[in-house]
file target-v9.tsv (TSV, N, CA and C atoms and all ligand atoms)
chain	number	residue	atom	x	y	z
A	201	MET	N	26.89	-3.64	-8.62
A	201	MET	CA	26.38	-3.57	-7.25
A	201	MET	C	25.08	-2.79	-7.20
A	202	SER	N	24.09	-3.45	-6.68
A	202	SER	CA	22.78	-2.82	-6.57
A	202	SER	C	22.65	-2.10	-5.23
A	203	LYS	N	21.99	-0.98	-5.29
A	203	LYS	CA	21.78	-0.26	-4.04
A	203	LYS	C	20.46	-0.69	-3.40
A	204	PHE	N	20.43	-0.67	-2.09
A	204	PHE	CA	19.23	-1.03	-1.36
A	204	PHE	C	18.53	0.22	-0.82
A	205	LYS	N	17.22	0.11	-0.70
A	205	LYS	CA	16.45	1.21	-0.15
A	205	LYS	C	15.43	0.64	0.84
A	206	THR	N	15.23	1.32	1.95
A	206	THR	CA	14.27	0.85	2.96
A	206	THR	C	12.85	1.10	2.47
A	207	VAL	N	12.09	0.01	2.36
A	207	VAL	CA	10.74	0.11	1.82
A	207	VAL	C	9.69	0.06	2.93
A	208	ALA	N	10.05	-0.52	4.08
A	208	ALA	CA	9.12	-0.59	5.20
A	208	ALA	C	9.87	-0.80	6.50
A	209	VAL	N	9.26	-0.42	7.60
A	209	VAL	CA	9.84	-0.64	8.92
A	209	VAL	C	8.79	-1.32	9.79
A	210	TYR	N	9.18	-2.38	10.45
A	210	TYR	CA	8.23	-3.13	11.27
A	210	TYR	C	8.67	-3.17	12.72
A	211	SER	N	7.71	-3.06	13.62
A	211	SER	CA	8.02	-3.12	15.05
A	211	SER	C	8.26	-4.55	15.48
A	212	TYR	N	7.63	-5.48	14.78
A	212	TYR	CA	7.74	-6.88	15.18
A	212	TYR	C	8.32	-7.72	14.05
A	213	PRO	N	9.36	-8.50	14.34
A	213	PRO	CA	10.01	-9.34	13.33
A	213	PRO	C	9.04	-10.29	12.65
A	214	ALA	N	7.99	-10.72	13.36
A	214	ALA	CA	7.03	-11.66	12.79
A	214	ALA	C	6.33	-11.05	11.58
A	215	TYR	N	5.92	-9.79	11.69
A	215	TYR	CA	5.27	-9.11	10.57
A	215	TYR	C	6.22	-8.97	9.40
A	216	ALA	N	7.46	-8.60	9.74
A	216	ALA	CA	8.47	-8.41	8.71
A	216	ALA	C	8.73	-9.71	7.97
A	217	ALA	N	8.73	-10.83	8.71
A	217	ALA	CA	8.99	-12.13	8.11
A	217	ALA	C	7.88	-12.52	7.14
A	218	VAL	N	6.64	-12.24	7.53
A	218	VAL	CA	5.50	-12.55	6.67
A	218	VAL	C	5.59	-11.77	5.36
A	219	MET	N	5.88	-10.47	5.47
A	219	MET	CA	5.97	-9.64	4.28
A	219	MET	C	7.17	-10.01	3.43
A	220	LYS	N	8.25	-10.40	4.10
A	220	LYS	CA	9.47	-10.80	3.38
A	220	LYS	C	9.16	-11.98	2.46
A	221	SER	N	8.45	-12.99	2.98
A	221	SER	CA	8.18	-14.16	2.15
A	221	SER	C	7.22	-13.81	1.01
A	222	LYS	N	6.34	-12.83	1.26
A	222	LYS	CA	5.43	-12.38	0.20
A	222	LYS	C	6.20	-11.74	-0.94
A	223	LEU	N	7.14	-10.86	-0.57
A	223	LEU	CA	7.93	-10.17	-1.58
A	223	LEU	C	8.84	-11.15	-2.32
A	224	GLU	N	9.41	-12.08	-1.56
A	224	GLU	CA	10.31	-13.06	-2.18
A	224	GLU	C	9.57	-13.96	-3.16
A	225	SER	N	8.28	-14.23	-2.87
A	225	SER	CA	7.49	-15.04	-3.79
A	225	SER	C	7.22	-14.28	-5.08
A	226	GLU	N	7.42	-12.95	-5.06
A	226	GLU	CA	7.27	-12.13	-6.27
A	226	GLU	C	8.63	-11.89	-6.92
A	227	GLY	N	9.64	-12.57	-6.43
A	227	GLY	CA	10.96	-12.47	-7.02
A	227	GLY	C	11.78	-11.28	-6.58
A	228	ILE	N	11.40	-10.70	-5.46
A	228	ILE	CA	12.12	-9.53	-4.95
A	228	ILE	C	13.08	-9.95	-3.84
A	229	VAL	N	14.31	-9.47	-3.94
A	229	VAL	CA	15.30	-9.77	-2.91
A	229	VAL	C	15.07	-8.85	-1.72
A	230	VAL	N	14.92	-9.43	-0.54
A	230	VAL	CA	14.60	-8.65	0.65
A	230	VAL	C	15.71	-8.80	1.68
A	231	LEU	N	16.07	-7.68	2.27
A	231	LEU	CA	17.09	-7.66	3.31
A	231	LEU	C	16.46	-7.09	4.57
A	232	LEU	N	16.46	-7.86	5.65
A	232	LEU	CA	15.94	-7.34	6.91
A	232	LEU	C	17.11	-6.92	7.79
A	233	ARG	N	17.07	-5.67	8.23
A	233	ARG	CA	18.13	-5.20	9.12
A	233	ARG	C	17.59	-5.09	10.54
A	234	ASP	N	18.44	-5.38	11.51
A	234	ASP	CA	18.10	-5.30	12.93
A	234	ASP	C	17.08	-6.35	13.34
A	235	GLU	N	16.86	-7.34	12.49
A	235	GLU	CA	15.88	-8.38	12.81
A	235	GLU	C	16.29	-9.13	14.08
A	236	PHE	N	17.57	-9.46	14.14
A	236	PHE	CA	18.07	-10.24	15.25
A	236	PHE	C	17.97	-9.46	16.56
A	237	THR	N	18.36	-8.20	16.52
A	237	THR	CA	18.33	-7.36	17.72
A	237	THR	C	16.93	-7.27	18.28
A	238	VAL	N	15.95	-7.01	17.39
A	238	VAL	CA	14.57	-6.85	17.83
A	238	VAL	C	14.03	-8.17	18.36
A	239	GLY	N	14.40	-9.27	17.69
A	239	GLY	CA	13.91	-10.57	18.09
A	239	GLY	C	14.38	-10.96	19.48
A	240	VAL	N	15.61	-10.60	19.80
A	240	VAL	CA	16.18	-10.93	21.10
A	240	VAL	C	15.56	-10.07	22.19
A	241	ASP	N	15.41	-8.81	21.90
A	241	ASP	CA	14.88	-7.89	22.89
A	241	ASP	C	13.80	-7.01	22.26
A	242	PRO	N	12.53	-7.43	22.40
A	242	PRO	CA	11.43	-6.68	21.77
A	242	PRO	C	11.38	-5.23	22.22
A	243	PHE	N	11.87	-4.97	23.41
A	243	PHE	CA	11.81	-3.60	23.92
A	243	PHE	C	12.84	-2.71	23.24
A	244	ALA	N	13.80	-3.34	22.59
A	244	ALA	CA	14.81	-2.57	21.87
A	244	ALA	C	14.25	-2.06	20.55
A	245	SER	N	13.14	-2.66	20.12
A	245	SER	CA	12.54	-2.32	18.84
A	245	SER	C	12.32	-0.83	18.70
A	246	GLN	N	11.73	-0.24	19.73
A	246	GLN	CA	11.44	1.19	19.71
A	246	GLN	C	12.73	2.00	19.59
A	247	ALA	N	13.72	1.59	20.37
A	247	ALA	CA	14.96	2.34	20.45
A	247	ALA	C	15.72	2.36	19.14
A	248	ILE	N	15.78	1.21	18.47
A	248	ILE	CA	16.55	1.17	17.23
A	248	ILE	C	15.68	1.41	16.01
A	249	GLY	N	14.39	1.63	16.24
A	249	GLY	CA	13.51	2.02	15.14
A	249	GLY	C	12.92	0.85	14.38
A	250	GLY	N	12.85	-0.31	14.99
A	250	GLY	CA	12.18	-1.45	14.37
A	250	GLY	C	13.03	-2.19	13.36
A	251	VAL	N	12.41	-3.17	12.71
A	251	VAL	CA	13.09	-3.97	11.70
A	251	VAL	C	12.97	-3.26	10.36
A	252	LYS	N	14.11	-2.91	9.77
A	252	LYS	CA	14.09	-2.24	8.48
A	252	LYS	C	14.06	-3.26	7.36
A	253	MET	N	13.14	-3.06	6.44
A	253	MET	CA	13.05	-3.95	5.29
A	253	MET	C	13.59	-3.23	4.07
A	254	ASP	N	14.71	-3.75	3.55
A	254	ASP	CA	15.35	-3.12	2.38
A	254	ASP	C	15.16	-3.97	1.13
A	255	VAL	N	14.99	-3.29	0.01
A	255	VAL	CA	14.93	-3.99	-1.27
A	255	VAL	C	15.85	-3.25	-2.26
A	256	HIS	N	16.16	-3.91	-3.36
A	256	HIS	CA	16.92	-3.25	-4.42
A	256	HIS	C	16.13	-2.03	-4.91
A	257	ILE	N	16.85	-1.00	-5.27
A	257	ILE	CA	16.20	0.23	-5.75
A	257	ILE	C	15.30	-0.07	-6.95
A	258	GLU	N	15.73	-0.99	-7.81
A	258	GLU	CA	14.91	-1.33	-9.00
A	258	GLU	C	13.58	-1.96	-8.59
A	259	ASP	N	13.56	-2.59	-7.42
A	259	ASP	CA	12.35	-3.29	-6.98
A	259	ASP	C	11.49	-2.44	-6.05
A	260	TYR	N	11.97	-1.23	-5.76
A	260	TYR	CA	11.34	-0.42	-4.71
A	260	TYR	C	9.84	-0.18	-4.94
A	261	VAL	N	9.49	0.29	-6.13
A	261	VAL	CA	8.10	0.63	-6.42
A	261	VAL	C	7.22	-0.61	-6.40
A	262	LYS	N	7.72	-1.68	-6.99
A	262	LYS	CA	6.98	-2.94	-7.01
A	262	LYS	C	6.75	-3.45	-5.59
A	263	ALA	N	7.81	-3.40	-4.78
A	263	ALA	CA	7.73	-3.87	-3.40
A	263	ALA	C	6.72	-3.04	-2.61
A	264	LEU	N	6.76	-1.74	-2.83
A	264	LEU	CA	5.85	-0.83	-2.13
A	264	LEU	C	4.40	-1.19	-2.44
A	265	GLY	N	4.13	-1.48	-3.70
A	265	GLY	CA	2.79	-1.86	-4.12
A	265	GLY	C	2.32	-3.13	-3.45
A	266	ILE	N	3.20	-4.11	-3.40
A	266	ILE	CA	2.85	-5.39	-2.78
A	266	ILE	C	2.60	-5.21	-1.28
A	267	ILE	N	3.44	-4.40	-0.65
A	267	ILE	CA	3.29	-4.17	0.79
A	267	ILE	C	1.96	-3.48	1.07
A	268	GLU	N	1.63	-2.46	0.28
A	268	GLU	CA	0.37	-1.74	0.49
A	268	GLU	C	-0.81	-2.67	0.29
A	269	LEU	N	-0.71	-3.51	-0.70
A	269	LEU	CA	-1.79	-4.45	-1.01
A	269	LEU	C	-2.00	-5.44	0.13
A	270	ASN	N	-0.90	-5.82	0.77
A	270	ASN	CA	-0.97	-6.89	1.76
A	270	ASN	C	-1.06	-6.41	3.20
A	271	SER	N	-0.70	-5.17	3.46
A	271	SER	CA	-0.66	-4.76	4.86
A	271	SER	C	-1.99	-4.16	5.32
A	272	ALA	N	-2.60	-3.27	4.55
A	272	ALA	CA	-3.88	-2.67	4.90
A	272	ALA	C	-4.02	-2.41	6.40
A	273	GLN	N	-3.35	-1.41	6.88
A	273	GLN	CA	-3.40	-1.02	8.29
A	273	GLN	C	-2.79	-2.08	9.19
A	274	GLY	N	-1.64	-2.55	8.85
A	274	GLY	CA	-0.91	-3.43	9.74
A	274	GLY	C	-1.48	-4.83	9.79
A	275	SER	N	-1.82	-5.29	10.98
A	275	SER	CA	-2.21	-6.68	11.16
A	275	SER	C	-3.71	-6.88	11.05
A	276	GLY	N	-4.44	-5.81	10.77
A	276	GLY	CA	-5.90	-5.91	10.80
A	276	GLY	C	-6.49	-6.70	9.66
A	277	LEU	N	-5.74	-6.87	8.59
A	277	LEU	CA	-6.29	-7.56	7.43
A	277	LEU	C	-6.46	-9.04	7.70
A	278	THR	N	-7.58	-9.57	7.30
A	278	THR	CA	-7.80	-10.99	7.48
A	278	THR	C	-8.38	-11.60	6.21
A	279	ASN	N	-7.95	-12.80	5.90
A	279	ASN	CA	-8.48	-13.49	4.73
A	279	ASN	C	-9.52	-14.53	5.13
A	280	ASN	N	-9.77	-14.62	6.42
A	280	ASN	CA	-10.69	-15.65	6.90
A	280	ASN	C	-12.14	-15.20	6.86
A	281	VAL	N	-12.33	-13.89	6.69
A	281	VAL	CA	-13.68	-13.36	6.74
A	281	VAL	C	-14.09	-12.89	5.36
A	282	LYS	N	-15.29	-13.25	4.99
A	282	LYS	CA	-15.81	-12.89	3.68
A	282	LYS	C	-16.84	-11.78	3.85
A	283	CYS	N	-16.78	-10.80	2.99
A	283	CYS	CA	-17.75	-9.71	3.04
A	283	CYS	C	-19.12	-10.24	2.61
A	284	PRO	N	-20.14	-10.05	3.47
A	284	PRO	CA	-21.48	-10.55	3.13
A	284	PRO	C	-22.13	-9.74	2.01
A	285	ASN	N	-21.60	-8.58	1.75
A	285	ASN	CA	-22.19	-7.71	0.74
A	285	ASN	C	-21.70	-8.02	-0.67
A	286	CYS	N	-20.37	-8.14	-0.84
A	286	CYS	CA	-19.83	-8.35	-2.18
A	286	CYS	C	-19.11	-9.69	-2.31
A	287	GLY	N	-18.93	-10.40	-1.19
A	287	GLY	CA	-18.33	-11.73	-1.24
A	287	GLY	C	-16.82	-11.74	-1.36
A	288	LYS	N	-16.18	-10.54	-1.35
A	288	LYS	CA	-14.72	-10.48	-1.46
A	288	LYS	C	-14.08	-10.75	-0.10
A	289	ARG	N	-12.89	-11.36	-0.15
A	289	ARG	CA	-12.13	-11.56	1.08
A	289	ARG	C	-11.08	-10.48	1.23
A	290	ALA	N	-11.54	-9.25	1.21
A	290	ALA	CA	-10.62	-8.13	1.39
A	290	ALA	C	-11.15	-7.28	2.54
A	291	VAL	N	-11.09	-7.88	3.70
A	291	VAL	CA	-11.76	-7.31	4.85
A	291	VAL	C	-10.74	-7.01	5.92
A	292	ARG	N	-10.92	-5.88	6.61
A	292	ARG	CA	-10.03	-5.67	7.74
A	292	ARG	C	-10.82	-5.36	8.99
A	293	GLU	N	-10.25	-5.74	10.11
A	293	GLU	CA	-10.92	-5.57	11.37
A	293	GLU	C	-10.90	-4.11	11.79
A	294	GLN	N	-12.04	-3.63	12.26
A	294	GLN	CA	-12.11	-2.29	12.81
A	294	GLN	C	-11.48	-2.32	14.19
A	295	GLN	N	-10.45	-1.54	14.39
A	295	GLN	CA	-9.74	-1.61	15.67
A	295	GLN	C	-10.51	-0.89	16.77
A	296	ASP	N	-10.79	0.36	16.57
A	296	ASP	CA	-11.48	1.14	17.61
A	296	ASP	C	-12.10	2.37	16.97
A	297	ILE	N	-12.59	3.24	17.79
A	297	ILE	CA	-13.31	4.41	17.27
A	297	ILE	C	-12.37	5.33	16.49
A	298	THR	N	-11.15	5.47	16.95
A	298	THR	CA	-10.24	6.39	16.27
A	298	THR	C	-9.86	5.89	14.89
A	299	ALA	N	-10.04	4.58	14.66
A	299	ALA	CA	-9.72	4.02	13.36
A	299	ALA	C	-10.83	4.30	12.35
A	300	ALA	N	-11.99	4.65	12.86
A	300	ALA	CA	-13.12	4.92	11.98
A	300	ALA	C	-12.85	6.18	11.19
A	301	ARG	N	-13.08	6.09	9.91
A	301	ARG	CA	-12.67	7.19	9.05
A	301	ARG	C	-13.77	8.21	8.77
A	302	ASN	N	-15.00	7.81	8.91
A	302	ASN	CA	-16.05	8.78	8.67
A	302	ASN	C	-17.12	8.72	9.74
A	303	PHE	N	-18.09	9.59	9.63
A	303	PHE	CA	-19.10	9.73	10.67
A	303	PHE	C	-19.89	8.45	10.86
A	304	LYS	N	-20.26	7.84	9.77
A	304	LYS	CA	-21.06	6.62	9.82
A	304	LYS	C	-20.31	5.52	10.58
A	305	GLU	N	-19.02	5.40	10.29
A	305	GLU	CA	-18.21	4.39	10.98
A	305	GLU	C	-18.08	4.70	12.45
A	306	ARG	N	-17.94	5.98	12.76
A	306	ARG	CA	-17.79	6.38	14.16
A	306	ARG	C	-19.05	6.04	14.94
A	307	LEU	N	-20.18	6.37	14.35
A	307	LEU	CA	-21.47	6.07	14.97
A	307	LEU	C	-21.58	4.58	15.26
A	308	LEU	N	-21.23	3.79	14.28
A	308	LEU	CA	-21.32	2.34	14.41
A	308	LEU	C	-20.40	1.84	15.50
A	309	ALA	N	-19.19	2.38	15.54
A	309	ALA	CA	-18.21	1.98	16.54
A	309	ALA	C	-18.70	2.31	17.94
A	310	VAL	N	-19.29	3.48	18.07
A	310	VAL	CA	-19.82	3.89	19.38
A	310	VAL	C	-20.97	2.97	19.78
A	311	ALA	N	-21.86	2.72	18.84
A	311	ALA	CA	-23.02	1.88	19.11
A	311	ALA	C	-22.57	0.48	19.55
A	312	LEU	N	-21.56	-0.04	18.89
A	312	LEU	CA	-21.10	-1.39	19.19
A	312	LEU	C	-20.38	-1.46	20.53
A	313	SER	N	-19.60	-0.44	20.83
A	313	SER	CA	-18.84	-0.49	22.08
A	313	SER	C	-19.77	-0.25	23.27
A	314	MET	N	-20.95	0.32	23.01
A	314	MET	CA	-21.90	0.57	24.09
A	314	MET	C	-22.77	-0.66	24.35
A	315	ASN	N	-22.72	-1.60	23.46
A	315	ASN	CA	-23.52	-2.80	23.63
A	315	ASN	C	-22.73	-3.82	24.45
A	316	PRO	N	-23.12	-4.04	25.72
A	316	PRO	CA	-22.34	-4.92	26.59
A	316	PRO	C	-22.42	-6.39	26.17
A	317	PHE	N	-23.34	-6.75	25.33
A	317	PHE	CA	-23.50	-8.13	24.94
A	317	PHE	C	-22.74	-8.45	23.66
A	318	SER	N	-22.18	-7.42	23.07
A	318	SER	CA	-21.50	-7.63	21.81
A	318	SER	C	-20.05	-8.03	22.03
A	319	THR	N	-19.71	-9.25	21.65
A	319	THR	CA	-18.32	-9.68	21.70
A	319	THR	C	-17.79	-9.86	20.29
A	320	ALA	N	-18.66	-9.61	19.32
A	320	ALA	CA	-18.29	-9.82	17.93
A	320	ALA	C	-17.30	-8.76	17.46
A	321	ALA	N	-16.42	-9.17	16.59
A	321	ALA	CA	-15.51	-8.23	15.97
A	321	ALA	C	-16.24	-7.50	14.84
A	322	THR	N	-15.82	-6.27	14.62
A	322	THR	CA	-16.40	-5.51	13.53
A	322	THR	C	-15.41	-5.47	12.37
A	323	TYR	N	-15.92	-5.75	11.19
A	323	TYR	CA	-15.05	-5.77	10.02
A	323	TYR	C	-15.50	-4.74	9.00
A	324	ARG	N	-14.56	-4.35	8.18
A	324	ARG	CA	-14.85	-3.39	7.15
A	324	ARG	C	-14.28	-3.92	5.84
A	325	CYS	N	-15.11	-3.94	4.81
A	325	CYS	CA	-14.69	-4.46	3.53
A	325	CYS	C	-13.86	-3.42	2.78
A	326	ASN	N	-12.67	-3.82	2.32
A	326	ASN	CA	-11.82	-2.91	1.56
A	326	ASN	C	-12.35	-2.70	0.15
A	327	HIS	N	-13.21	-3.59	-0.26
A	327	HIS	CA	-13.70	-3.57	-1.64
A	327	HIS	C	-14.92	-2.68	-1.79
A	328	CYS	N	-15.95	-2.90	-0.95
A	328	CYS	CA	-17.19	-2.13	-1.09
A	328	CYS	C	-17.51	-1.26	0.10
A	329	GLU	N	-16.56	-1.20	1.09
A	329	GLU	CA	-16.73	-0.34	2.26
A	329	GLU	C	-17.82	-0.81	3.20
A	330	HIS	N	-18.37	-1.95	2.96
A	330	HIS	CA	-19.43	-2.49	3.81
A	330	HIS	C	-18.89	-2.80	5.20
A	331	ILE	N	-19.64	-2.43	6.24
A	331	ILE	CA	-19.23	-2.72	7.61
A	331	ILE	C	-20.16	-3.75	8.20
A	332	PHE	N	-19.59	-4.75	8.83
A	332	PHE	CA	-20.43	-5.83	9.35
A	332	PHE	C	-19.76	-6.49	10.55
A	333	ASN	N	-20.55	-7.31	11.23
A	333	ASN	CA	-20.04	-8.04	12.40
A	333	ASN	C	-19.94	-9.52	12.09
A	334	GLU	N	-19.08	-10.14	12.83
A	334	GLU	CA	-18.90	-11.58	12.63
A	334	GLU	C	-19.25	-12.29	13.92
A	401	ZN	ZN	-17.61	-5.96	0.29

call {"tool": "encode", "arguments": {"input": "target-v9.tsv", "output": "structure tokens"}}
result
Amino acid sequence: MSKFKTVAVYSYPAYAAVMKSKLESEGIVVLLRDEFTVGVDPFASQAIGGVKMDVHIEDYVKALGIIELNSAQGSGLTNNVKCPNCGKRAVREQQDITAARNFKERLLAVALSMNPFSTAATYRCNHCEHIFNE
């Protein structure tokens, strides 16, 4: 009998389902707990602590690595945008000013939010740290 360990907790079953199929494609057995409860009543998610994603203890470290690689700040990661600087598709959307990690990013975020004509999303490359608009 293998023991399970919680490797991640998701507020939304949809995110959990995406990550589950990713882990399963790597041969990891994934158990989602409270998936049904959260799916039926999204407001219950907070109360019961979200959807728990459990994996075998032997798979824990591997699963953690895959999750970190694929989640990059939750839902912000996108594969549809290519970094104009290095050409890698490892880009995540800048959410807001508080998400900016350094002074340069903060300045940029402020400048962009002050521009009333800007509807473009701001992206940040995970590979070369390049920040750009789409
Ligand atoms: Zn880049």

call {"tool": "closest_atom_pairs", "arguments": {"input": "target-v9.tsv", "of": "chain A", "to": "ligand ZN 401 (chain A)", "cutoff": "7 Å", "atoms": "all atoms listed in the file", "output": "Markdown table"}}
result
| residue | atom | partner | partner_atom | distance |
| --- | --- | --- | --- | --- |
| A:Lys282 | C | A:ZN401 | ZN | 6.9 |
| A:Cys283 | CA | A:ZN401 | ZN | 4.7 |
| A:Pro284 | N | A:ZN401 | ZN | 5.8 |
| A:Asn285 | C | A:ZN401 | ZN | 4.7 |
| A:Cys286 | N | A:ZN401 | ZN | 3.7 |
| A:Gly287 | N | A:ZN401 | ZN | 4.9 |
| A:Lys288 | N | A:ZN401 | ZN | 5.1 |
| A:Ala290 | N | A:ZN401 | ZN | 7.0 |
| A:Arg324 | C | A:ZN401 | ZN | 6.8 |
| A:Cys325 | CA | A:ZN401 | ZN | 4.6 |
| A:Asn326 | N | A:ZN401 | ZN | 5.8 |
| A:His327 | C | A:ZN401 | ZN | 4.7 |
| A:Cys328 | N | A:ZN401 | ZN | 3.7 |
| A:Glu329 | N | A:ZN401 | ZN | 4.9 |
| A:His330 | N | A:ZN401 | ZN | 4.9 |

call {"tool": "atom_distance", "arguments": {"input": "target-v9.tsv", "atom1": "atom C of Lys205 of chain A", "atom2": "atom C of Ser225 of chain A"}}
result
18.0 Å

call {"tool": "residues_around", "arguments": {"input": "target-v9.tsv", "residues": "Val230 of chain A", "least_positions_apart": "5", "cutoff": "9 Å", "atoms": "only C-alpha atoms", "output": "MDAnalysis selection string"}}
result
chainID A and resid 220:221 223:224 253:256

call {"tool": "atom_distance", "arguments": {"input": "target-v9.tsv", "atom1": "atom CA of Ala208 of chain A", "atom2": "atom C of Lys262 of chain A"}}
result
11.4 Å

call {"tool": "atom_distance", "arguments": {"input": "target-v9.tsv", "atom1": "atom N of Tyr323 of chain A", "atom2": "atom N of Glu293 of chain A"}}
result
5.8 Å
